[in-house]
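File shown: model37.csv. Contents: CSV, C-alpha atoms.
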```csv
chain,number,residue,atom,x,y,z
A,1,MET,CA,0.0,0.0,0.0
A,2,LYS,CA,1.0,3.6,-0.6
A,3,ILE,CA,-0.5,6.2,1.7
A,4,ALA,CA,-0.2,10.0,1.5
A,5,VAL,CA,-1.3,12.1,4.5
A,6,VAL,CA,-2.4,15.7,3.6
A,7,GLY,CA,-4.2,18.6,5.3
A,8,LYS,CA,-3.8,22.1,6.7
A,9,GLY,CA,-0.8,23.1,8.7
A,10,GLY,CA,-1.0,22.0,12.3
A,11,SER,CA,-3.9,19.6,11.7
A,12,GLY,CA,-1.8,16.6,12.6
A,13,LYS,CA,-0.4,15.2,9.4
A,14,THR,CA,3.0,14.4,10.7
A,15,THR,CA,1.8,12.8,13.9
A,16,THR,CA,-0.8,10.7,12.0
A,17,SER,CA,1.8,9.6,9.5
A,18,ALA,CA,4.3,8.6,12.2
A,19,VAL,CA,1.7,6.6,14.1
A,20,LEU,CA,0.5,4.9,10.9
A,21,ALA,CA,4.0,4.0,9.9
A,22,ARG,CA,5.1,2.5,13.2
A,23,THR,CA,1.8,0.7,13.7
A,24,LEU,CA,2.0,-0.9,10.3
A,25,ALA,CA,5.6,-1.9,11.0
A,26,ARG,CA,4.6,-3.5,14.3
A,27,GLN,CA,2.0,-5.5,12.4
A,28,GLY,CA,4.8,-7.0,10.2
A,29,HIS,CA,4.8,-4.7,7.2
A,30,SER,CA,8.0,-3.4,5.7
A,31,VAL,CA,7.5,0.4,6.0
A,32,VAL,CA,9.2,3.4,4.4
A,33,ALA,CA,8.2,6.8,5.8
A,34,LEU,CA,8.9,9.6,3.3
A,35,ASP,CA,9.0,13.1,4.6
A,36,CYS,CA,7.9,15.2,1.6
A,37,ASP,CA,7.1,18.3,3.7
A,38,SER,CA,9.3,21.4,3.0
A,39,ASN,CA,9.5,21.7,6.8
A,40,PRO,CA,10.3,18.1,7.6
A,41,ASN,CA,9.5,17.1,11.1
A,42,LEU,CA,8.5,13.4,10.6
A,43,GLY,CA,11.7,12.2,12.4
A,44,ILE,CA,10.5,13.8,15.6
A,45,SER,CA,7.1,12.1,15.6
A,46,LEU,CA,8.7,8.8,14.6
A,47,GLY,CA,11.1,9.1,17.6
A,48,VAL,CA,14.5,9.5,16.0
A,49,GLY,CA,15.0,12.9,17.7
A,50,ASP,CA,16.0,16.4,16.7
A,51,ASP,CA,19.6,15.8,15.7
A,52,GLU,CA,19.0,12.8,13.5
A,53,THR,CA,16.0,14.7,11.8
A,54,GLU,CA,18.3,17.6,11.1
A,55,ARG,CA,21.1,15.4,9.9
A,56,LEU,CA,18.7,13.9,7.2
A,57,VAL,CA,17.6,17.4,6.2
A,58,SER,CA,21.1,18.6,5.7
A,59,MET,CA,21.9,15.5,3.7
A,60,ARG,CA,19.1,16.4,1.4
A,61,GLN,CA,20.2,20.0,1.2
A,62,SER,CA,23.8,19.0,0.4
A,63,LEU,CA,22.5,17.1,-2.6
A,64,ASP,CA,21.5,20.3,-4.4
A,65,GLU,CA,24.6,22.0,-3.3
A,66,GLY,CA,26.7,19.4,-5.1
A,67,ASP,CA,28.3,18.0,-2.0
A,68,GLU,CA,26.5,14.8,-2.2
A,69,ALA,CA,25.9,12.5,-5.2
A,70,HIS,CA,22.5,11.5,-6.4
A,71,ALA,CA,21.5,8.0,-5.6
A,72,PRO,CA,21.0,5.8,-8.7
A,73,GLY,CA,18.0,3.9,-7.4
A,74,TRP,CA,15.3,3.5,-4.8
A,75,ASP,CA,17.3,1.3,-2.6
A,76,GLU,CA,20.3,3.6,-2.7
A,77,VAL,CA,18.1,6.6,-1.9
A,78,LEU,CA,16.8,4.9,1.2
A,79,ASP,CA,20.3,3.7,2.1
A,80,ARG,CA,22.0,7.0,1.7
A,81,PHE,CA,19.4,9.5,2.6
A,82,GLY,CA,17.5,7.3,5.1
A,83,SER,CA,17.6,6.6,8.7
A,84,GLU,CA,16.5,3.7,10.9
A,85,ALA,CA,13.5,4.7,13.0
A,86,PRO,CA,11.9,2.6,15.8
A,87,ASP,CA,9.9,-0.6,14.9
A,88,GLY,CA,12.1,-1.0,11.8
A,89,VAL,CA,10.5,1.9,9.9
A,90,ARG,CA,12.9,3.4,7.3
A,91,LEU,CA,12.7,7.2,7.2
A,92,ALA,CA,13.9,9.4,4.3
A,93,VAL,CA,13.7,13.1,3.8
A,94,VAL,CA,13.0,14.0,0.2
A,95,SER,CA,12.3,17.8,0.3
A,96,ARG,CA,14.3,20.9,0.7
A,97,ILE,CA,13.4,23.4,3.4
A,98,ASP,CA,14.0,26.5,1.4
A,99,ASN,CA,12.8,25.9,-2.2
A,100,PRO,CA,10.3,28.4,-3.5
A,101,GLU,CA,7.0,26.9,-4.7
A,102,PRO,CA,7.5,25.9,-8.3
A,103,GLY,CA,5.8,28.4,-10.6
A,104,CYS,CA,5.3,31.0,-7.9
A,105,LEU,CA,5.9,34.6,-8.6
B,106,MET,CA,6.4,49.2,11.1
B,107,ARG,CA,6.5,46.3,8.7
B,108,VAL,CA,6.2,43.0,10.5
B,109,ALA,CA,5.6,39.5,9.1
B,110,PHE,CA,4.4,36.5,11.2
B,111,VAL,CA,6.0,33.2,10.3
B,112,GLY,CA,6.1,29.7,11.9
B,113,LYS,CA,5.1,26.1,11.6
B,114,GLY,CA,1.7,25.4,10.2
B,115,GLY,CA,-0.9,25.7,12.9
B,116,ALA,CA,1.3,27.7,15.3
B,117,GLY,CA,-1.2,30.5,15.4
B,118,LYS,CA,0.1,33.0,12.8
B,119,SER,CA,-3.2,34.0,11.4
B,120,ALA,CA,-5.0,34.4,14.7
B,121,ILE,CA,-2.2,36.5,16.2
B,122,SER,CA,-1.5,38.5,13.1
B,123,GLY,CA,-5.1,39.5,12.5
B,124,THR,CA,-5.6,40.5,16.1
B,125,PHE,CA,-2.3,42.4,16.0
B,126,ALA,CA,-3.3,44.3,12.9
B,127,ARG,CA,-6.6,45.5,14.4
B,128,LEU,CA,-5.1,46.4,17.8
B,129,LEU,CA,-2.4,48.4,16.0
B,130,ALA,CA,-5.1,50.2,14.0
B,131,ARG,CA,-7.0,51.1,17.2
B,132,ARG,CA,-3.9,52.9,18.4
B,133,GLY,CA,-4.1,55.2,15.4
B,134,HIS,CA,-1.8,53.5,12.9
B,135,PRO,CA,-2.8,53.2,9.2
B,136,VAL,CA,-2.6,49.4,8.8
B,137,LEU,CA,-2.5,47.3,5.8
B,138,ALA,CA,-2.9,43.6,6.6
B,139,ILE,CA,-1.4,41.2,4.1
B,140,ASP,CA,-2.2,37.5,3.8
B,141,SER,CA,0.3,35.7,1.5
B,142,ASP,CA,-0.9,32.2,2.3
B,143,PRO,CA,-2.6,30.3,-0.6
B,144,LEU,CA,-4.6,28.7,2.2
B,145,PRO,CA,-5.6,32.0,3.8
B,146,GLY,CA,-6.7,32.4,7.3
B,147,MET,CA,-6.2,36.0,8.2
B,148,ALA,CA,-9.6,37.3,7.0
B,149,TYR,CA,-11.3,35.4,9.8
B,150,SER,CA,-9.1,36.7,12.5
B,151,LEU,CA,-9.6,40.3,11.2
B,152,GLY,CA,-13.3,39.8,11.4
B,153,LEU,CA,-14.1,39.8,7.7
B,154,PRO,CA,-17.1,37.6,6.8
B,155,HIS,CA,-15.4,35.9,3.8
B,156,ASP,CA,-11.9,34.9,3.0
B,157,ASP,CA,-11.9,35.9,-0.7
B,158,ALA,CA,-10.6,39.3,-1.5
B,159,PRO,CA,-9.0,39.2,-5.0
B,160,LEU,CA,-8.2,42.5,-6.8
B,161,PRO,CA,-10.7,43.0,-9.5
B,162,ASP,CA,-9.9,42.6,-13.2
B,163,GLU,CA,-10.4,46.3,-13.9
B,164,ALA,CA,-7.3,47.1,-11.7
B,165,ILE,CA,-5.0,44.9,-13.9
B,166,GLU,CA,-3.8,44.9,-17.4
B,167,ASP,CA,-1.6,42.6,-19.6
B,168,ARG,CA,1.9,43.7,-20.1
B,169,PRO,CA,2.4,44.6,-23.8
B,170,ASP,CA,4.6,42.1,-25.6
B,171,ASP,CA,7.3,44.6,-26.4
B,172,GLU,CA,7.9,45.4,-22.7
B,173,GLU,CA,10.0,43.6,-20.2
B,174,GLY,CA,8.5,42.5,-16.9
B,175,PRO,CA,5.8,40.3,-15.3
B,176,ARG,CA,2.9,39.1,-17.4
B,177,TYR,CA,0.3,41.2,-15.6
B,178,ARG,CA,0.5,44.5,-13.8
B,179,LEU,CA,-1.6,47.3,-12.3
B,180,ARG,CA,-3.3,49.2,-15.1
B,181,ALA,CA,-1.6,52.3,-16.4
B,182,GLY,CA,-2.2,55.2,-14.1
B,183,LEU,CA,-3.1,53.2,-11.1
B,184,SER,CA,-0.4,53.5,-8.4
B,185,PRO,CA,0.0,50.9,-5.7
B,186,VAL,CA,-1.3,53.3,-3.1
B,187,GLU,CA,-4.4,54.1,-5.2
B,188,ALA,CA,-4.9,50.3,-5.8
B,189,VAL,CA,-5.0,49.7,-2.0
B,190,GLU,CA,-7.2,52.7,-1.3
B,191,ARG,CA,-9.7,51.7,-4.0
B,192,TYR,CA,-9.6,47.9,-4.0
B,193,ALA,CA,-8.3,46.5,-0.7
B,194,ALA,CA,-11.0,45.1,1.6
B,195,THR,CA,-11.8,47.1,4.7
B,196,ALA,CA,-11.8,45.2,7.9
B,197,PRO,CA,-13.1,46.4,11.3
B,198,ASP,CA,-11.1,49.2,13.0
B,199,GLY,CA,-10.2,50.5,9.5
B,200,VAL,CA,-7.6,47.9,8.7
B,201,ARG,CA,-7.2,47.5,5.0
B,202,PHE,CA,-6.7,44.0,3.7
B,203,LEU,CA,-4.9,42.4,0.7
B,204,GLN,CA,-4.7,38.8,0.0
B,205,PHE,CA,-2.5,36.7,-2.3
B,206,GLY,CA,-5.6,34.6,-3.1
B,207,LYS,CA,-7.3,31.4,-2.1
B,208,VAL,CA,-6.0,28.7,-4.4
B,209,ARG,CA,-8.7,26.4,-5.7
B,210,THR,CA,-8.7,23.7,-8.4
B,211,ASP,CA,-7.3,26.0,-11.1
B,212,PRO,CA,-4.6,28.3,-9.8
B,213,ARG,CA,-4.6,30.2,-13.1
B,214,ALA,CA,-7.9,31.8,-12.2
B,215,LEU,CA,-6.1,34.1,-9.7
B,216,PHE,CA,-2.9,34.8,-11.7
B,217,ARG,CA,-3.9,38.4,-12.6
B,218,SER,CA,-4.8,39.3,-9.0
B,219,GLN,CA,-1.7,37.6,-7.7
B,220,PHE,CA,0.7,39.5,-10.0
B,221,ALA,CA,-0.9,42.8,-8.9
B,222,PHE,CA,-0.7,41.7,-5.3
B,223,ARG,CA,3.0,41.2,-5.6
B,224,GLN,CA,3.5,44.4,-7.4
B,225,ILE,CA,1.6,46.4,-4.8
B,226,ILE,CA,3.7,44.9,-2.0
B,227,ARG,CA,6.9,45.4,-3.8
B,228,GLU,CA,6.3,49.1,-4.8
B,229,LEU,CA,4.2,50.4,-1.9
B,230,PRO,CA,6.0,53.4,-0.3
B,231,VAL,CA,7.2,52.7,3.2
B,232,ASP,CA,5.6,55.7,4.8
B,233,ARG,CA,2.0,55.2,3.9
B,234,TRP,CA,0.8,52.1,5.9
B,235,ASP,CA,2.2,49.9,8.6
B,236,LEU,CA,2.3,46.4,7.2
B,237,VAL,CA,1.2,43.4,9.2
B,238,GLY,CA,1.7,40.1,7.2
B,239,ASP,CA,0.6,36.6,7.6
B,240,LEU,CA,3.0,34.3,5.7
B,241,PRO,CA,2.4,30.6,4.7
B,242,GLY,CA,3.3,28.0,7.3
B,243,GLY,CA,6.7,26.3,7.2
B,244,THR,CA,10.1,27.2,6.0
B,245,ARG,CA,9.7,27.3,2.2
B,246,GLN,CA,8.3,30.7,1.4
B,247,PRO,CA,9.1,33.4,3.9
B,248,PHE,CA,12.6,34.3,2.9
B,249,THR,CA,12.4,33.7,-0.9
B,250,GLY,CA,10.8,37.0,-1.6
B,251,TRP,CA,7.4,36.5,-0.1
B,252,GLY,CA,8.4,38.3,3.1
B,253,GLY,CA,10.6,40.8,1.4
B,254,TYR,CA,8.6,43.8,2.7
B,255,ALA,CA,9.2,43.0,6.4
B,256,ASP,CA,11.8,44.6,8.6
B,257,THR,CA,10.8,42.4,11.6
B,258,PHE,CA,10.0,38.7,11.4
B,259,LEU,CA,7.9,37.4,14.3
B,260,ILE,CA,8.3,33.6,14.5
B,261,VAL,CA,5.3,32.1,16.2
B,262,VAL,CA,6.4,29.1,18.3
B,263,GLU,CA,4.5,26.6,20.4
B,264,PRO,CA,6.4,24.9,23.2
B,265,MET,CA,6.5,21.7,21.3
B,266,ALA,CA,9.3,19.8,19.6
B,267,LYS,CA,8.2,20.2,16.0
B,268,SER,CA,7.4,23.8,16.4
B,269,LEU,CA,10.7,24.5,18.1
B,270,LEU,CA,12.7,22.7,15.4
B,271,SER,CA,10.7,24.7,12.7
B,272,ALA,CA,11.5,28.0,14.5
B,273,ARG,CA,15.2,27.1,14.6
B,274,ARG,CA,15.2,26.5,10.9
B,275,LEU,CA,13.3,29.8,10.2
B,276,ALA,CA,15.8,31.7,12.4
B,277,ARG,CA,18.6,30.2,10.5
B,278,LEU,CA,17.1,30.9,7.1
B,279,ALA,CA,16.2,34.5,8.1
B,280,SER,CA,19.7,35.4,9.1
B,281,SER,CA,21.2,33.9,5.9
B,282,GLY,CA,19.3,36.4,3.7
B,283,ASP,CA,20.9,39.2,1.9
B,284,ARG,CA,19.5,42.0,4.0
B,285,PRO,CA,19.4,42.7,7.7
B,286,VAL,CA,16.1,41.8,9.4
B,287,ARG,CA,15.1,41.6,13.0
B,288,VAL,CA,14.0,38.1,14.0
B,289,VAL,CA,12.2,37.5,17.3
B,290,ALA,CA,9.9,34.8,18.7
B,291,VAL,CA,6.3,35.0,19.9
B,292,ALA,CA,5.5,32.1,22.2
B,293,ASN,CA,2.1,30.8,21.6
B,294,LYS,CA,-0.2,28.3,23.5
B,295,VAL,CA,1.9,28.7,26.5
B,296,THR,CA,0.8,26.7,29.6
B,297,GLU,CA,3.8,26.8,32.0
B,298,ALA,CA,5.6,29.7,33.4
B,299,VAL,CA,8.9,28.3,32.0
B,300,ASP,CA,7.6,27.9,28.4
B,301,ALA,CA,8.8,31.2,27.1
B,302,GLU,CA,12.3,30.7,28.7
B,303,HIS,CA,12.4,27.2,27.2
B,304,ILE,CA,11.5,28.6,23.7
B,305,SER,CA,14.1,31.3,24.0
B,306,ARG,CA,16.8,28.8,25.0
B,307,ARG,CA,15.9,26.3,22.3
B,308,THR,CA,15.6,28.8,19.5
B,309,GLY,CA,18.2,31.3,20.5
B,310,LEU,CA,15.6,34.0,19.9
B,311,GLU,CA,14.4,36.8,22.0
B,312,VAL,CA,10.8,36.1,23.1
B,313,VAL,CA,8.8,39.3,22.7
B,314,ALA,CA,5.4,38.0,23.8
B,315,ALA,CA,4.0,34.9,25.5
B,316,VAL,CA,0.4,34.2,24.4
B,317,PRO,CA,-1.3,31.7,26.7
B,318,LEU,CA,-3.2,28.6,25.6
B,319,ASP,CA,-6.6,30.2,26.0
B,320,PRO,CA,-9.8,28.2,25.6
B,321,VAL,CA,-11.8,31.4,24.9
B,322,PHE,CA,-9.4,32.4,22.2
B,323,ALA,CA,-9.5,28.9,20.7
B,324,ALA,CA,-13.3,28.8,20.8
B,325,ALA,CA,-13.4,32.0,18.7
B,326,GLU,CA,-11.1,30.4,16.1
B,327,ARG,CA,-13.1,27.2,16.1
B,328,ALA,CA,-16.2,29.3,15.3
B,329,GLY,CA,-14.3,31.2,12.5
B,330,LYS,CA,-14.7,34.5,14.4
B,331,ALA,CA,-12.1,37.2,15.1
B,332,PRO,CA,-10.7,36.6,18.7
B,333,LEU,CA,-10.9,40.4,19.1
B,334,ASP,CA,-14.7,40.3,18.6
B,335,ALA,CA,-15.6,37.0,20.1
B,336,ALA,CA,-13.2,37.1,23.0
B,337,PRO,CA,-12.1,40.7,23.5
B,338,ASP,CA,-11.1,40.3,27.2
B,339,SER,CA,-9.4,36.9,26.8
B,340,ALA,CA,-5.8,36.4,28.0
B,341,GLY,CA,-4.8,35.7,24.5
B,342,VAL,CA,-6.0,39.1,23.2
B,343,GLN,CA,-4.3,40.8,26.2
B,344,ALA,CA,-1.0,39.1,25.3
B,345,VAL,CA,-1.2,40.3,21.7
B,346,SER,CA,-2.1,43.8,22.9
B,347,SER,CA,1.1,43.8,25.0
B,348,LEU,CA,3.0,42.8,21.9
B,349,VAL,CA,1.6,45.7,20.0
B,350,ASP,CA,2.6,48.0,22.8
B,351,ARG,CA,6.1,46.7,22.8
B,352,LEU,CA,6.6,46.9,19.1
B,353,GLU,CA,4.9,50.3,19.0
B,354,LYS,CA,7.5,51.7,21.4
B,355,GLU,CA,10.2,50.5,19.0
B,356,HIS,CA,8.5,51.8,15.9
B,357,PRO,CA,7.0,55.2,16.8
B,358,ARG,CA,3.7,56.1,15.1
B,359,MET,CA,4.2,57.2,11.6
B,360,LYS,CA,2.7,60.4,10.3
B,361,VAL,CA,-0.2,59.8,7.9
B,362,THR,CA,0.3,61.6,4.7
B,363,PRO,CA,-3.1,62.9,3.6
```
Turn this file's structure into structure tokens for me.
Amino acid sequence: MKIAVVGKGGSGKTTTSAVLARTLARQGHSVVALDCDSNPNLGISLGVGDDETERLVSMRQSLDEGDEAHAPGWDEVLDRFGSEAPDGVRLAVVSRIDNPEPGCL
Amino acid sequence: MRVAFVGKGGAGKSAISGTFARLLARRGHPVLAIDSDPLPGMAYSLGLPHDDAPLPDEAIEDRPDDEEGPRYRLRAGLSPVEAVERYAATAPDGVRFLQFGKVRTDPRALFRSQFAFRQIIRELPVDRWDLVGDLPGGTRQPFTGWGGYADTFLIVVEPMAKSLLSARRLARLASSGDRPVRVVAVANKVTEAVDAEHISRRTGLEVVAAVPLDPVFAAAERAGKAPLDAAPDSAGVQAVSSLVDRLEKEHPRMKVTP
């Protein structure tokens, strides 16, 4: 299954996503949690902590700054830009924190 | 003064900024409130009955093909000041209100109004209105042009891990810009006496106001009403009022040019 959680800011998307991911993992599913928010906080709700969440963000940022090579495939993306969260959930941050909205003035 | 409220989604930017704008106007300032969020919320906290306030087509023209610049602009002869005077919505307490536009299924429907909105904010003379802005939640937009009018950024922070982390990112992004701006924190939904101190320590920012978690204030928001109308004596409104006092001292009242 592939689930996307959406909604207004502050409505609980991140918390809901994290609980879903860990609950599914506990039930035996192999789970990847993708943080696609431009203000990525999913690591905190999954329980990996501030520092690891910020480490993933800066990994993602360094990609565009040329300090980090693109990963050639899905497994490499998760391996290189991901982190192990509790219950065996694999967390990856895929958005930048400072990109302007595409097409915006 | 030109202030912009930023912060994590749901931190309370719209509720606080709308209340701030009206209280500032009650103290005699000419205030232009600006909602740059494509999911707008400021109209409610200002006490406007609707959250759609696009600039009308008659205010806007296409740029001729042989001229450089954006695709649409204010029509010839219409200055940004006149555009606000004539077309901005009027909220209670005399606050004027401009909105980027509520994005629906087809964002193109608002392109004309949005180009004009940007032009007005970019070109408005600094001595005509105090600007009070509500920016989109998160880190993406505030410092990539959208908040370019502000001299002071107020980061609204809840005493919660995700809000604190977002505030730290915003503080970092703000100070990496190409122009000097003042960045301070507004603690919101505070429940403990130590919360403001905690927020200051964790973000490295000066906390200029502590707005309590206030059920009366929250009930107004739930009902889609302006806190200032539905809960005028609430602790939340009082805290915003203290914030206005504080910033007003730092930015003395501007003279209104007739």
*Hey, can you check how far atom CA of A:Lys13 sits from atom CA of A:Ser45?*
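Pair atom CA of A:Lys13 / atom CA of A:Ser45 returns 10.2 Å.
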*Kindly indicate which residue among B:Leu179, B:Val200, B:Leu278, B:Val208 lies nearest to chain A, using all atoms listed in the file for the distances.*
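Counting all atoms listed in the file, the residue closest to chain A is B:Leu278.
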*For each of A:Ser30, A:Thr23, A:Ser83, A:Asn39, take the minimum atom-to-atom distance to chain B, counting all atoms listed in the file, then give the residue where this is smallest.*
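Nearest to chain B: A:Asn39.
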_Give me the residues near A:Glu52 as a ChimeraX atom specification, where near means some atom within 10 Å (using all atoms listed in the file) and where sequence neighbours in that chain fewer than 6 positions away do not count._
/A:43-44,58,83-85
Closest-contact table, chain B side, partner chain A, 9 Å, counting all atoms listed in the file, as JSON lines:
```
{"residue": "B:Lys113", "atom": "CA", "partner": "A:Gly9", "partner_atom": "CA", "distance": 7.2}
{"residue": "B:Gly114", "atom": "CA", "partner": "A:Gly9", "partner_atom": "CA", "distance": 3.7}
{"residue": "B:Gly115", "atom": "CA", "partner": "A:Gly10", "partner_atom": "CA", "distance": 3.7}
{"residue": "B:Ala116", "atom": "CA", "partner": "A:Gly10", "partner_atom": "CA", "distance": 6.8}
{"residue": "B:Leu144", "atom": "CA", "partner": "A:Lys8", "partner_atom": "CA", "distance": 8.0}
{"residue": "B:Pro175", "atom": "CA", "partner": "A:Leu105", "partner_atom": "CA", "distance": 8.8}
{"residue": "B:Gln219", "atom": "CA", "partner": "A:Leu105", "partner_atom": "CA", "distance": 8.2}
{"residue": "B:Phe220", "atom": "CA", "partner": "A:Leu105", "partner_atom": "CA", "distance": 7.3}
{"residue": "B:Arg223", "atom": "CA", "partner": "A:Leu105", "partner_atom": "CA", "distance": 7.8}
{"residue": "B:Gly242", "atom": "CA", "partner": "A:Gly9", "partner_atom": "CA", "distance": 6.5}
{"residue": "B:Gly243", "atom": "CA", "partner": "A:Asn39", "partner_atom": "CA", "distance": 5.4}
{"residue": "B:Thr244", "atom": "CA", "partner": "A:Asn39", "partner_atom": "CA", "distance": 5.6}
{"residue": "B:Arg245", "atom": "CA", "partner": "A:Asp98", "partner_atom": "CA", "distance": 4.4}
{"residue": "B:Gln246", "atom": "CA", "partner": "A:Pro100", "partner_atom": "CA", "distance": 5.8}
{"residue": "B:Pro247", "atom": "CA", "partner": "A:Asp98", "partner_atom": "CA", "distance": 8.8}
{"residue": "B:Phe248", "atom": "CA", "partner": "A:Asp98", "partner_atom": "CA", "distance": 8.1}
{"residue": "B:Thr249", "atom": "CA", "partner": "A:Pro100", "partner_atom": "CA", "distance": 6.3}
{"residue": "B:Gly250", "atom": "CA", "partner": "A:Pro100", "partner_atom": "CA", "distance": 8.8}
{"residue": "B:Trp251", "atom": "CA", "partner": "A:Leu105", "partner_atom": "CA", "distance": 8.8}
{"residue": "B:Ala266", "atom": "CA", "partner": "A:Ile44", "partner_atom": "CA", "distance": 7.3}
{"residue": "B:Lys267", "atom": "CA", "partner": "A:Asn41", "partner_atom": "CA", "distance": 5.9}
{"residue": "B:Ser268", "atom": "CA", "partner": "A:Asn41", "partner_atom": "CA", "distance": 8.8}
{"residue": "B:Leu270", "atom": "CA", "partner": "A:Asp50", "partner_atom": "CA", "distance": 7.2}
{"residue": "B:Ser271", "atom": "CA", "partner": "A:Asn39", "partner_atom": "CA", "distance": 6.7}
{"residue": "B:Arg274", "atom": "CA", "partner": "A:Ile97", "partner_atom": "CA", "distance": 8.3}
{"residue": "B:Leu278", "atom": "CA", "partner": "A:Asp98", "partner_atom": "CA", "distance": 7.8}
```
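Nearest residue to B:Leu236 among B:Arg273, B:His155, B:Arg201, B:Arg217 is B:Arg201, counting all atoms listed in the file.
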*Hey, can you pull every residue with an atom no more than 10 Å from (8.9, 50.4, 15.8), using all atoms listed in the file, and send it as a ChimeraX atom specification?*
/B:106-108,235,256-257,349-359
*If you count only C-alpha atoms, which residues fall within 10 Å of B:Val289, apart from same-chain ones fewer than 4 positions away, as JSON, numbers by chain?*
{"B": [110, 257, 258, 259, 260, 261, 272, 276, 305, 308, 309, 310, 311, 312, 313, 314]}
Export, as an mmCIF file, in the frame of the given file, the selected residues with C-alpha atoms.
```
data_model
loop_
_atom_site.group_PDB
_atom_site.id
_atom_site.type_symbol
_atom_site.label_atom_id
_atom_site.label_comp_id
_atom_site.auth_asym_id
_atom_site.auth_seq_id
_atom_site.Cartn_x
_atom_site.Cartn_y
_atom_site.Cartn_z
ATOM 1 C CA PHE B 110 4.400 36.500 11.200
ATOM 2 C CA THR B 257 10.800 42.400 11.600
ATOM 3 C CA PHE B 258 10.000 38.700 11.400
ATOM 4 C CA LEU B 259 7.900 37.400 14.300
ATOM 5 C CA ILE B 260 8.300 33.600 14.500
ATOM 6 C CA VAL B 261 5.300 32.100 16.200
ATOM 7 C CA ALA B 272 11.500 28.000 14.500
ATOM 8 C CA ALA B 276 15.800 31.700 12.400
ATOM 9 C CA SER B 305 14.100 31.300 24.000
ATOM 10 C CA THR B 308 15.600 28.800 19.500
ATOM 11 C CA GLY B 309 18.200 31.300 20.500
ATOM 12 C CA LEU B 310 15.600 34.000 19.900
ATOM 13 C CA GLU B 311 14.400 36.800 22.000
ATOM 14 C CA VAL B 312 10.800 36.100 23.100
ATOM 15 C CA VAL B 313 8.800 39.300 22.700
ATOM 16 C CA ALA B 314 5.400 38.000 23.800
#
```
_Who sits within 10 Å of B:Asp338, all atoms listed in the file, same chain under 5 positions skipped, as number ranges by chain_ = B: 321-322, 332-333, 343
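The interatomic distance for the pair atom CA of B:Arg132 and atom CA of B:Ser346 works out to 10.3 Å.
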*Compile the contact shell of A:Arg80 as a list in words: residues with an atom at most 10 Å away, counting all atoms listed in the file, same-chain residues fewer than 5 positions apart removed.*
Leu56, Met59, Arg60, Glu68, Ala69, His70, Ala71, Trp74, Asp75 and Ala92 of chain A
Any chance you can output those residues with C-alpha atoms as an mmCIF file, in the frame of the given file?
```cif
data_model
loop_
_atom_site.group_PDB
_atom_site.id
_atom_site.type_symbol
_atom_site.label_atom_id
_atom_site.label_comp_id
_atom_site.auth_asym_id
_atom_site.auth_seq_id
_atom_site.Cartn_x
_atom_site.Cartn_y
_atom_site.Cartn_z
ATOM 1 C CA LEU A 56 18.700 13.900 7.200
ATOM 2 C CA MET A 59 21.900 15.500 3.700
ATOM 3 C CA ARG A 60 19.100 16.400 1.400
ATOM 4 C CA GLU A 68 26.500 14.800 -2.200
ATOM 5 C CA ALA A 69 25.900 12.500 -5.200
ATOM 6 C CA HIS A 70 22.500 11.500 -6.400
ATOM 7 C CA ALA A 71 21.500 8.000 -5.600
ATOM 8 C CA TRP A 74 15.300 3.500 -4.800
ATOM 9 C CA ASP A 75 17.300 1.300 -2.600
ATOM 10 C CA ALA A 92 13.900 9.400 4.300
#
```
*So what do you get for atom CA of B:Ser141 versus atom CA of B:Arg180, distance-wise?*
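Going from atom CA of B:Ser141 over to atom CA of B:Arg180, I get 21.7 Å.
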*asked:* Need the shell around B:Ala196: protein/DNA/RNA residues with any atom at most 7 Å away, counting all atoms listed in the file. Skip same-chain ones fewer than 3 positions apart. Format as a list of chain:residue names?
replied: B:Leu151, B:Gly152, B:Leu153, B:Gly199, B:Val200, B:Arg201, B:Phe202
Need a file for stretch 321-340 of chain B from that block: C-alpha atoms, written as an mmCIF file, in the first residue's frame.
```cif
data_model
loop_
_atom_site.group_PDB
_atom_site.id
_atom_site.type_symbol
_atom_site.label_atom_id
_atom_site.label_comp_id
_atom_site.auth_asym_id
_atom_site.auth_seq_id
_atom_site.Cartn_x
_atom_site.Cartn_y
_atom_site.Cartn_z
ATOM 1 C CA VAL B 321 -11.846 31.352 24.895
ATOM 2 C CA PHE B 322 -9.414 32.433 22.182
ATOM 3 C CA ALA B 323 -9.465 28.902 20.738
ATOM 4 C CA ALA B 324 -13.270 28.787 20.756
ATOM 5 C CA ALA B 325 -13.359 31.987 18.677
ATOM 6 C CA GLU B 326 -11.059 30.388 16.122
ATOM 7 C CA ARG B 327 -13.116 27.231 16.061
ATOM 8 C CA ALA B 328 -16.191 29.305 15.261
ATOM 9 C CA GLY B 329 -14.325 31.191 12.502
ATOM 10 C CA LYS B 330 -14.677 34.473 14.402
ATOM 11 C CA ALA B 331 -12.129 37.155 15.146
ATOM 12 C CA PRO B 332 -10.744 36.644 18.657
ATOM 13 C CA LEU B 333 -10.947 40.400 19.115
ATOM 14 C CA ASP B 334 -14.736 40.312 18.558
ATOM 15 C CA ALA B 335 -15.606 36.956 20.129
ATOM 16 C CA ALA B 336 -13.158 37.061 23.029
ATOM 17 C CA PRO B 337 -12.079 40.681 23.502
ATOM 18 C CA ASP B 338 -11.143 40.279 27.168
ATOM 19 C CA SER B 339 -9.372 36.947 26.797
ATOM 20 C CA ALA B 340 -5.842 36.426 28.049
#
```
